Each structure stands twice: as C-alpha cells, then as structure tokens.
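A short worksheet on the structure shown next.
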Amino acid sequence: MSDFFDYVRGLTEVVPEGYSPQGMAVYRHHVYLGPSQLLAASYPELKTALSEDDWTSLMKDFIAKTRWSSHFYSDIDENFKQYLNDELNESV
Amino acid sequence: MRVGIGYRRDMADWNLSQVPAAFFEVCPENWIHRDRSRLHDIIAAGREVRLHGVSLNLGGSGDISSEFLYQVRDLMRDLGTTYYSDHLASSGDAHQLYDLFPIPFTQAEAYRVADRIARVQDVLGFTMAVENSTYYTNVGDMRESEFLQTVVARAGCHVLLDINNIEVNWKNHRIESLADYVTNVDFSTVSYLHVAGHEYNPRFQMYIDTHSAGVDANTAEIAKALAAAHSKDILLEWDHDMPEMAVINQEIACLTSLTMCAA
C-alpha cells in the first residue's frame with residue numbers, strides 16, 4: 001500500500017496499479033483539505049500573510065513530510081510547529 | 001426501533017430536550033481529553049451516549065496503541081455505554097492521515113484486519129463494531145459485502161451497518177446495489193444502522209460521503225424497512241454545514257415515522 005499512500009501524500013504522480021485516477025484524486029484532496037482548514041483556523045495571520053500559492057505549497061510540503069501518529073486530530077497543530085522548527089533549522 | 005443523532009460541537013448551545021433523539025453518538029477522540037459535563041447532562045436526562053471512533057486505523061499497518069484503547073474503555077465506563085465502533089478502513093499507512101482509506105477486498109487482507117480487530121477486542125475486553133465504509137477506488141477480487149462478512153466472522157465483531165455508505169458505493173461503482181448488499185449481511189451481527197446525506201461532486205465526478213445534507217429518500221426508506229424487520233436502531237449523521245435544529249428534528253421525525261420521507 002506504500003504506493004497508494006505516496007500518491008495521497010503527493011510524493012508521486014504515478015497512480016498506483018489497479019486504482020482509478022479519479023478516486024485517488026478524491027483521497028489526495030481530502031488529505032489536503034483537513035489539515036489545511038485546521039491550520040488556516042489556528043494560524044490566521046500566517047494564512048493571510050502568504051499568497052494562496054505559497055500557502056498551498058506549504059501545506060503540501062507539510063503533508064508530504066510529516067508522520068503523524070496521534071489519535072487526536074487537533075495535535076496537527078503541534079506537528080505543524082515541529083515541522084516549522086525543523087524546516088527553519090534545516091535552512092539555517 | 002429508536003432513532004439517534006450524532007452529537008456535534010455545533011449543538012453546544014442547543015436545548016437538547018427539544019431534539020427528539022432516543023440516543024446520541026459521539027466521537028471518542030473528541031472527548032477523551034475534554035470536559036464531559038455536556039454528555040453527562042444528556043445521560044442524566046435519560047438518553048444514552050454511544051461511541052463511534054475515527055482513528056483506530058484497523059486497516060493500516062501501524063501498531064494499535066493499547067494506551068488509546070484503555071482511554072476509550074475508561075470513557076465508555078464513564079458514559080455507561082457498551083457501544084464502541086470504528087471504521088473498516090485505514091486511517092493512513094503506519095501513520096495517521098486523518099481520513100478513511102480503502103482496505104483491498106481480498107481474503108488475505110480480510111484475515112489480516114480481522115486479526116487486528118480481534119487484538120483490539122482482547123485489549124478492550126468486549127466486542128466492538130466495525131462500520132462498512134465508503135471507498136472512492138479500491139482493488140481486490142471480493143465483493144465488499146463478502147469482504148465485510150469474512151472480517152466479521154473471523155474477528156467475532158459486530159457490524160455498524162452504514163446504509164448511506166452502501167448507497168454511495170453503488171452510485172460510484174455500480175457493483176453492489178443496496179438491495180443486493182443487504183441480502184448478504186447477517187443481521188444477527190449488526191449493532192445498529194447509520195444513515196447520512198451525500199452529494200455529487202462535479203470536480204471529481206463522484207458522489208462524496210459528505211454528511212452535510214439530508215438523507216437520500218431511497219436510503220431512508222430502506223434503512224427504515226431494515227430497522228423494522230430486524231429490530232435495529234438508526235443513527236443519523238450530519239457532520240458538516242449543520243442546519244438549524246428544526247431541520248434535524250424533521251429528519252429524525254421522518255426516520256421515526258412509518259410514512260415516506262420527503263426527499
């Protein structure tokens with residue numbers, strides 16, 4: 001199933017064998033939409049400061065890289081803080 | 001047959017004594033770490049609160065946390081319910097992606113997931129239910145109803161039969177109609193039924209299980225007939241774009257009455 005989850009995370013554009021492009025697009029959209037809406041509500045200043053394209057790129061990168069494990073959806077906030085820290089450290 | 005409603009945060013300021021639901025259902029993940037006085041008020045007023053989870057990742061490959069299961073068990077004790085369900089789906093691979101992804105409809109996967117459910121039940125010390133889920137694309141050589149029955153028979157779990165999900169899958173894939181699907185279900189294993197609304201999304205050219213609309217008339221009538229024939233309760237899920245209380249009450253009245261529902 002790793003090719004399936006690579007696709008929904010946006011790590012590959014190759015639709016996994018046997019699955020429909022249409023259905024995979026729905027899953028990728030859902031995986032993007034949830035965290036993006038949650039973080040837009042948690043970080044309204046950041047959302048406003050970025051262009052639509054930059055926000056989308058940031059969310060896509062976050063979703064591609066993070067490995068969430070919490071059962072509690074709202075912990076995405078903490079994961080996002082960690083992600084920003086990691087990204088800043090990497091770029092220094 | 002009784003009709004319940006999924007409790008959502010939008011109902012926080014509703015006077016629930018005006019909602020004619022026989023029981024409520026909540027997502028345990030939303031309440032494990034939160035103040036539960038609202039739920040205790042519901043119970044004190046004589047109505048049951050059942051649990052329906054979203055994050056167990058029964059179809060995934062990561063370990064299922066015993067710590068989380070103990071938290072669920074404690075919540076059940078606190079609320080005095082014996083009902084706990086989650087989805088026959090993955091929440092991600094080894095990680096959470098907070099959505100519900102399809103499990104390939106194969107016997108090997110049915111057995112693997114059934115063994116995970118059995119382990120969950122061992123930790124919890126009671127029987128849980130699994131909900132048949134919507135899927136937007138999947139692989140495998142089994143029909144969905146056959147896959148579900150194989151899992152349930154091996155795991156010894158119950159089924160939370162979601163009538164809307166069967167209808168959405170039929171509209172999207174044209175493999176098993178609702179009428180065909182339910183003939184393959186052993187109702188002695190069914191805990192209760194779910195109904196909800198779905199919508200067509202022109203961008204994806206698929207019906208999406210949005211839980212943001214009223215119940216499709218066909219879905220409501222079949223759910224009512226099955227509930228009456230097998231003495232099962234029905235729960236209405238409305239999770240997004242929550243309408244005013246009168247609309248919810250109308251949906252509950254429609255599901256409770258023997259007359260036809262308006263579409």
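Residue numbering restarts at 1 in every chain; chains get A, B, ... in the order shown in the structure tokens, and ligands count up from 1 in that same order.
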
Near chain A, 9 Å: chain B residue rows, closest pairs, only C-alpha atoms, as JSON lines:
```
{"residue": "B:Glu29", "atom": "CA", "partner": "A:Phe72", "partner_atom": "CA", "distance": 5.8}
{"residue": "B:Asn30", "atom": "CA", "partner": "A:Phe72", "partner_atom": "CA", "distance": 7.5}
{"residue": "B:Val54", "atom": "CA", "partner": "A:His71", "partner_atom": "CA", "distance": 8.6}
{"residue": "B:Ser55", "atom": "CA", "partner": "A:His71", "partner_atom": "CA", "distance": 5.6}
{"residue": "B:Leu56", "atom": "CA", "partner": "A:His71", "partner_atom": "CA", "distance": 7.5}
{"residue": "B:Phe68", "atom": "CA", "partner": "A:His71", "partner_atom": "CA", "distance": 7.7}
{"residue": "B:Gly92", "atom": "CA", "partner": "A:Phe5", "partner_atom": "CA", "distance": 7.2}
{"residue": "B:Asp93", "atom": "CA", "partner": "A:Phe5", "partner_atom": "CA", "distance": 6.6}
{"residue": "B:Ala94", "atom": "CA", "partner": "A:Ser69", "partner_atom": "CA", "distance": 8.1}
{"residue": "B:His95", "atom": "CA", "partner": "A:Ser69", "partner_atom": "CA", "distance": 5.2}
{"residue": "B:Gln96", "atom": "CA", "partner": "A:Trp68", "partner_atom": "CA", "distance": 5.2}
{"residue": "B:Leu97", "atom": "CA", "partner": "A:Val31", "partner_atom": "CA", "distance": 6.5}
{"residue": "B:Tyr98", "atom": "CA", "partner": "A:Tyr73", "partner_atom": "CA", "distance": 6.9}
{"residue": "B:Asp99", "atom": "CA", "partner": "A:Val31", "partner_atom": "CA", "distance": 6.6}
{"residue": "B:Leu100", "atom": "CA", "partner": "A:Tyr27", "partner_atom": "CA", "distance": 8.6}
{"residue": "B:Phe101", "atom": "CA", "partner": "A:Tyr27", "partner_atom": "CA", "distance": 7.6}
{"residue": "B:Tyr135", "atom": "CA", "partner": "A:Gly23", "partner_atom": "CA", "distance": 8.1}
{"residue": "B:Tyr136", "atom": "CA", "partner": "A:Gly23", "partner_atom": "CA", "distance": 4.5}
{"residue": "B:Thr137", "atom": "CA", "partner": "A:Gly23", "partner_atom": "CA", "distance": 4.8}
{"residue": "B:Asn138", "atom": "CA", "partner": "A:Tyr19", "partner_atom": "CA", "distance": 5.8}
{"residue": "B:Val139", "atom": "CA", "partner": "A:Gly18", "partner_atom": "CA", "distance": 5.9}
{"residue": "B:Gly140", "atom": "CA", "partner": "A:Gly18", "partner_atom": "CA", "distance": 8.7}
{"residue": "B:Phe204", "atom": "CA", "partner": "A:Gln22", "partner_atom": "CA", "distance": 6.1}
{"residue": "B:Gln205", "atom": "CA", "partner": "A:Gln22", "partner_atom": "CA", "distance": 7.8}
{"residue": "B:Met206", "atom": "CA", "partner": "A:Gly23", "partner_atom": "CA", "distance": 8.1}
{"residue": "B:Ile208", "atom": "CA", "partner": "A:Val26", "partner_atom": "CA", "distance": 8.7}
```

Restrict the selected residues to C-alpha atoms and save them as a PDB file, in the first residue's frame.
```
ATOM      1  CA  GLU B  29     -11.313  11.157  20.064  1.00  0.00           C
ATOM      2  CA  ASN B  30     -13.159  14.449  20.691  1.00  0.00           C
ATOM      3  CA  VAL B  54     -12.471   7.553  13.523  1.00  0.00           C
ATOM      4  CA  SER B  55      -8.787   6.936  14.185  1.00  0.00           C
ATOM      5  CA  LEU B  56      -8.253   3.288  15.047  1.00  0.00           C
ATOM      6  CA  PHE B  68      -5.517   4.716  23.448  1.00  0.00           C
ATOM      7  CA  GLY B  92      -3.165   6.039   6.973  1.00  0.00           C
ATOM      8  CA  ASP B  93      -0.276   3.637   6.425  1.00  0.00           C
ATOM      9  CA  ALA B  94       1.752   3.228   9.610  1.00  0.00           C
ATOM     10  CA  HIS B  95       0.802   6.840  10.357  1.00  0.00           C
ATOM     11  CA  GLN B  96      -2.346   8.878  10.698  1.00  0.00           C
ATOM     12  CA  LEU B  97      -3.584  10.851   7.717  1.00  0.00           C
ATOM     13  CA  TYR B  98      -6.951  11.538   9.375  1.00  0.00           C
ATOM     14  CA  ASP B  99      -9.082  10.166   6.577  1.00  0.00           C
ATOM     15  CA  LEU B 100     -10.626   6.759   5.796  1.00  0.00           C
ATOM     16  CA  PHE B 101      -8.804   4.802   3.114  1.00  0.00           C
ATOM     17  CA  TYR B 135     -14.447   3.973  -0.916  1.00  0.00           C
ATOM     18  CA  TYR B 136     -13.652   6.042  -3.982  1.00  0.00           C
ATOM     19  CA  THR B 137     -11.380   3.460  -5.601  1.00  0.00           C
ATOM     20  CA  ASN B 138     -10.172   0.067  -4.420  1.00  0.00           C
ATOM     21  CA  VAL B 139      -8.599  -3.178  -5.589  1.00  0.00           C
ATOM     22  CA  GLY B 140      -9.291  -6.826  -4.816  1.00  0.00           C
ATOM     23  CA  PHE B 204     -14.338  14.512  -9.202  1.00  0.00           C
ATOM     24  CA  GLN B 205     -17.467  13.264 -10.965  1.00  0.00           C
ATOM     25  CA  MET B 206     -18.226  11.107  -7.960  1.00  0.00           C
ATOM     26  CA  ILE B 208     -18.961  12.052  -1.900  1.00  0.00           C
TER      27      ILE B 208
END
```

Which residues come within 10 Å of Arg9 (chain B), counting only C-alpha atoms, excluding same-chain residues fewer than 6 positions away, as a PyMOL selection string? chain B and resi 26+30+239+242

Those same residues, written as an mmCIF file, in the first residue's frame with N, CA and C atoms?
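New file result-v4.cif:
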```cif
data_model
loop_
_atom_site.group_PDB
_atom_site.id
_atom_site.type_symbol
_atom_site.label_atom_id
_atom_site.label_comp_id
_atom_site.auth_asym_id
_atom_site.auth_seq_id
_atom_site.Cartn_x
_atom_site.Cartn_y
_atom_site.Cartn_z
ATOM 1 N N VAL B 26 -21.161 9.998 19.912
ATOM 2 C CA VAL B 26 -20.050 10.953 19.871
ATOM 3 C C VAL B 26 -18.772 10.249 19.433
ATOM 4 N N ASN B 30 -12.825 13.058 20.343
ATOM 5 C CA ASN B 30 -13.159 14.449 20.691
ATOM 6 C C ASN B 30 -13.400 14.654 22.177
ATOM 7 N N ASP B 239 -22.562 15.943 9.890
ATOM 8 C CA ASP B 239 -21.312 16.439 10.485
ATOM 9 C C ASP B 239 -20.897 17.819 10.010
ATOM 10 N N MET B 242 -23.997 22.124 9.425
ATOM 11 C CA MET B 242 -25.089 21.764 10.333
ATOM 12 C C MET B 242 -26.254 22.737 10.172
#
```

Record the distance separating CA of Val195 (chain B) and CA of Asp162 (chain B), expressed in Å with one decimal.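 For CA of Val195 (chain B) relative to CA of Asp162 (chain B), the distance reads 6.1 Å.
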
Give the answer as one residue: which of B:Gln71, B:Asn249, B:Ser85, B:Gln149 has the shortest atom-to-atom distance to Thr183 (chain B), using only C-alpha atoms?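 Once distances to Thr183 (chain B) are computed over only C-alpha atoms, the minimum belongs to B:Gln149.
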
Write down as JSON, numbers by chain the residues of chain A whose backbone DSSP state falls under alpha helix (DSSP H). {"A": [2, 3, 4, 5, 6, 7, 8, 21, 22, 23, 24, 25, 26, 27, 28, 29, 30, 31, 32, 33, 34, 35, 36, 37, 38, 39, 40, 41, 42, 44, 45, 46, 47, 48, 49, 52, 53, 54, 55, 56, 57, 58, 59, 60, 61, 62, 63, 64, 65, 76, 77, 78, 79, 80, 81, 82, 83, 84, 85, 86, 87, 88, 89, 90, 91]}

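When only C-alpha atoms are used to compute distances to Tyr43 (chain A), the closest of the residues A:Gly10, A:Trp55, A:Glu87, A:Pro16 turns out to be A:Trp55.
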
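Separating CA of Leu51 (chain B) from CA of Lys232 (chain B) is a distance of 16.7 Å.
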
Tell me which protein, DNA and RNA residues are within 12 Å of Asp122 (chain B), counting only C-alpha atoms, leaving out same-chain ones fewer than 2 positions away, and put them as an MDAnalysis selection string. chainID B and resid 66 69:70 73 115:120 124:128 155:157

Please, could you write that set of residues out with N, CA and C atoms as a compact mmCIF listing (two decimals), in the first residue's frame?
```txt
# COMPACT_ATOMS: atom_id res chain seq x y z
N SER B 66 -2.35 0.39 22.81
CA SER B 66 -3.15 -0.09 23.93
C SER B 66 -3.54 1.06 24.84
N LEU B 69 -6.61 2.56 23.59
CA LEU B 69 -7.76 1.67 23.84
C LEU B 69 -8.20 1.73 25.30
N TYR B 70 -7.23 1.85 26.21
CA TYR B 70 -7.59 1.99 27.63
C TYR B 70 -8.34 3.30 27.86
N ARG B 73 -11.82 2.73 26.74
CA ARG B 73 -12.52 1.90 27.72
C ARG B 73 -12.94 2.73 28.94
N ASP B 115 -7.73 -10.09 12.33
CA ASP B 115 -6.83 -10.41 13.45
C ASP B 115 -6.47 -9.15 14.24
N ARG B 116 -6.39 -8.01 13.55
CA ARG B 116 -6.16 -6.74 14.27
C ARG B 116 -7.38 -6.39 15.13
N ILE B 117 -8.57 -6.59 14.58
CA ILE B 117 -9.79 -6.31 15.35
C ILE B 117 -9.86 -7.22 16.58
N ALA B 118 -9.50 -8.49 16.37
CA ALA B 118 -9.53 -9.45 17.50
C ALA B 118 -8.58 -9.01 18.60
N ARG B 119 -7.41 -8.47 18.21
CA ARG B 119 -6.44 -7.99 19.22
C ARG B 119 -7.01 -6.78 19.97
N VAL B 120 -7.67 -5.89 19.23
CA VAL B 120 -8.31 -4.72 19.87
C VAL B 120 -9.33 -5.20 20.89
N LEU B 124 -9.58 -4.48 24.87
CA LEU B 124 -10.76 -3.80 25.43
C LEU B 124 -11.54 -4.71 26.37
N GLY B 125 -11.54 -6.01 26.07
CA GLY B 125 -12.30 -6.95 26.89
C GLY B 125 -13.77 -7.03 26.54
N PHE B 126 -14.14 -6.53 25.35
CA PHE B 126 -15.52 -6.66 24.89
C PHE B 126 -15.55 -6.61 23.36
N THR B 127 -16.73 -6.82 22.82
CA THR B 127 -16.90 -6.85 21.36
C THR B 127 -17.15 -5.44 20.82
N MET B 128 -16.40 -5.06 19.80
CA MET B 128 -16.63 -3.77 19.15
C MET B 128 -17.37 -3.99 17.83
N ALA B 155 -13.22 -12.20 13.03
CA ALA B 155 -12.90 -11.38 14.21
C ALA B 155 -13.90 -11.60 15.34
N GLY B 156 -15.09 -12.06 14.99
CA GLY B 156 -16.13 -12.19 16.01
C GLY B 156 -16.59 -10.83 16.51
N CYS B 157 -16.61 -9.84 15.59
CA CYS B 157 -17.04 -8.49 15.97
C CYS B 157 -18.45 -8.22 15.45
```

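Minimum atom-to-atom distances from B:Ile32, B:Ala89, B:Val113, B:Ala253 to Met76 (chain B) were compared using only C-alpha atoms, and the lowest value belongs to B:Ile32.
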
Could you name the residues that touch His240 (chain B) at 8 Å or less, counting only C-alpha atoms, but leaving out those on the same chain fewer than 2 positions away, as a ChimeraX atom specification? /B:210-212,238,242

Which of B:Gln107, B:Asn15, B:Ala44, B:Glu67 sits closest to Met142 (chain B) [using only C-alpha atoms]: B:Gln107

Taking the DSSP secondary structure from the backbone, can you list the residues of region 152-203 of chain B that are strand (DSSP E or B), as a list in words? His158, Val159, Leu160, Leu161, Asp162, Val190, Ser191, Tyr192, Leu193, His194, Val195, Ala196, Glu199, Tyr200 and Asn201 of chain B

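For the choices B:Ile252, B:Ala21, B:Ile234, B:Val130, the atom-to-atom distance to His52 (chain B) is smallest for B:Val130 when using only C-alpha atoms.
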
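When CA of Phe62 (chain A) is paired with CA of Tyr83 (chain A), their separation reads 7.0 Å.
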
Report as a ChimeraX atom specification all protein, DNA and RNA residues lying within 10 Å of Glu48 (chain B), evaluated on only C-alpha atoms, omitting residues in the same chain fewer than 6 positions from it. /B:4,21-25,39-40,42,79-81,83

Would you kindly return, as a PyMOL selection string, each protein, DNA or RNA residue with an atom no farther than 9 Å from any atom of Ala246 (chain B), considering only C-alpha atoms and excluding same-chain residues fewer than 4 positions away? chain B and resi 19+250-251

Mind dumping the selected residues with N, CA and C atoms as a short mmCIF file (atom, residue, chain, number, x, y, z; two decimals), in the first residue's frame?
```
data_model
loop_
_atom_site.label_atom_id
_atom_site.label_comp_id
_atom_site.auth_asym_id
_atom_site.auth_seq_id
_atom_site.Cartn_x
_atom_site.Cartn_y
_atom_site.Cartn_z
N VAL B 19 -34.79 18.09 21.06
CA VAL B 19 -34.40 17.21 19.95
C VAL B 19 -34.94 15.81 20.25
N GLN B 250 -36.79 17.41 11.83
CA GLN B 250 -37.61 16.90 10.73
C GLN B 250 -37.02 15.57 10.21
N GLU B 251 -35.70 15.52 10.09
CA GLU B 251 -35.04 14.29 9.62
C GLU B 251 -35.28 13.15 10.62
#
```

Distance query Ala153 (chain B) at most 10 Å, only C-alpha atoms, self and fewer than 4 positions along chain excluded, as a VMD selection string: chain B and resid 111 114 148 to 149 157 to 158 186 189

So that I have them on file, write out the residues from the current selection with C-alpha atoms, as a JSON list (two decimals), in the first residue's frame.
```json
[["chain", "number", "residue", "atom", "x", "y", "z"],
["B", 111, "TYR", "CA", -7.90, -12.09, 7.65],
["B", 114, "ALA", "CA", -9.83, -9.38, 11.37],
["B", 148, "LEU", "CA", -17.25, -7.48, 5.37],
["B", 149, "GLN", "CA", -18.78, -10.83, 6.29],
["B", 157, "CYS", "CA", -17.04, -8.49, 15.97],
["B", 158, "HIS", "CA", -20.28, -6.65, 15.26],
["B", 186, "ASP", "CA", -26.02, -11.40, 8.70],
["B", 189, "THR", "CA", -24.15, -9.35, 13.93]]
```
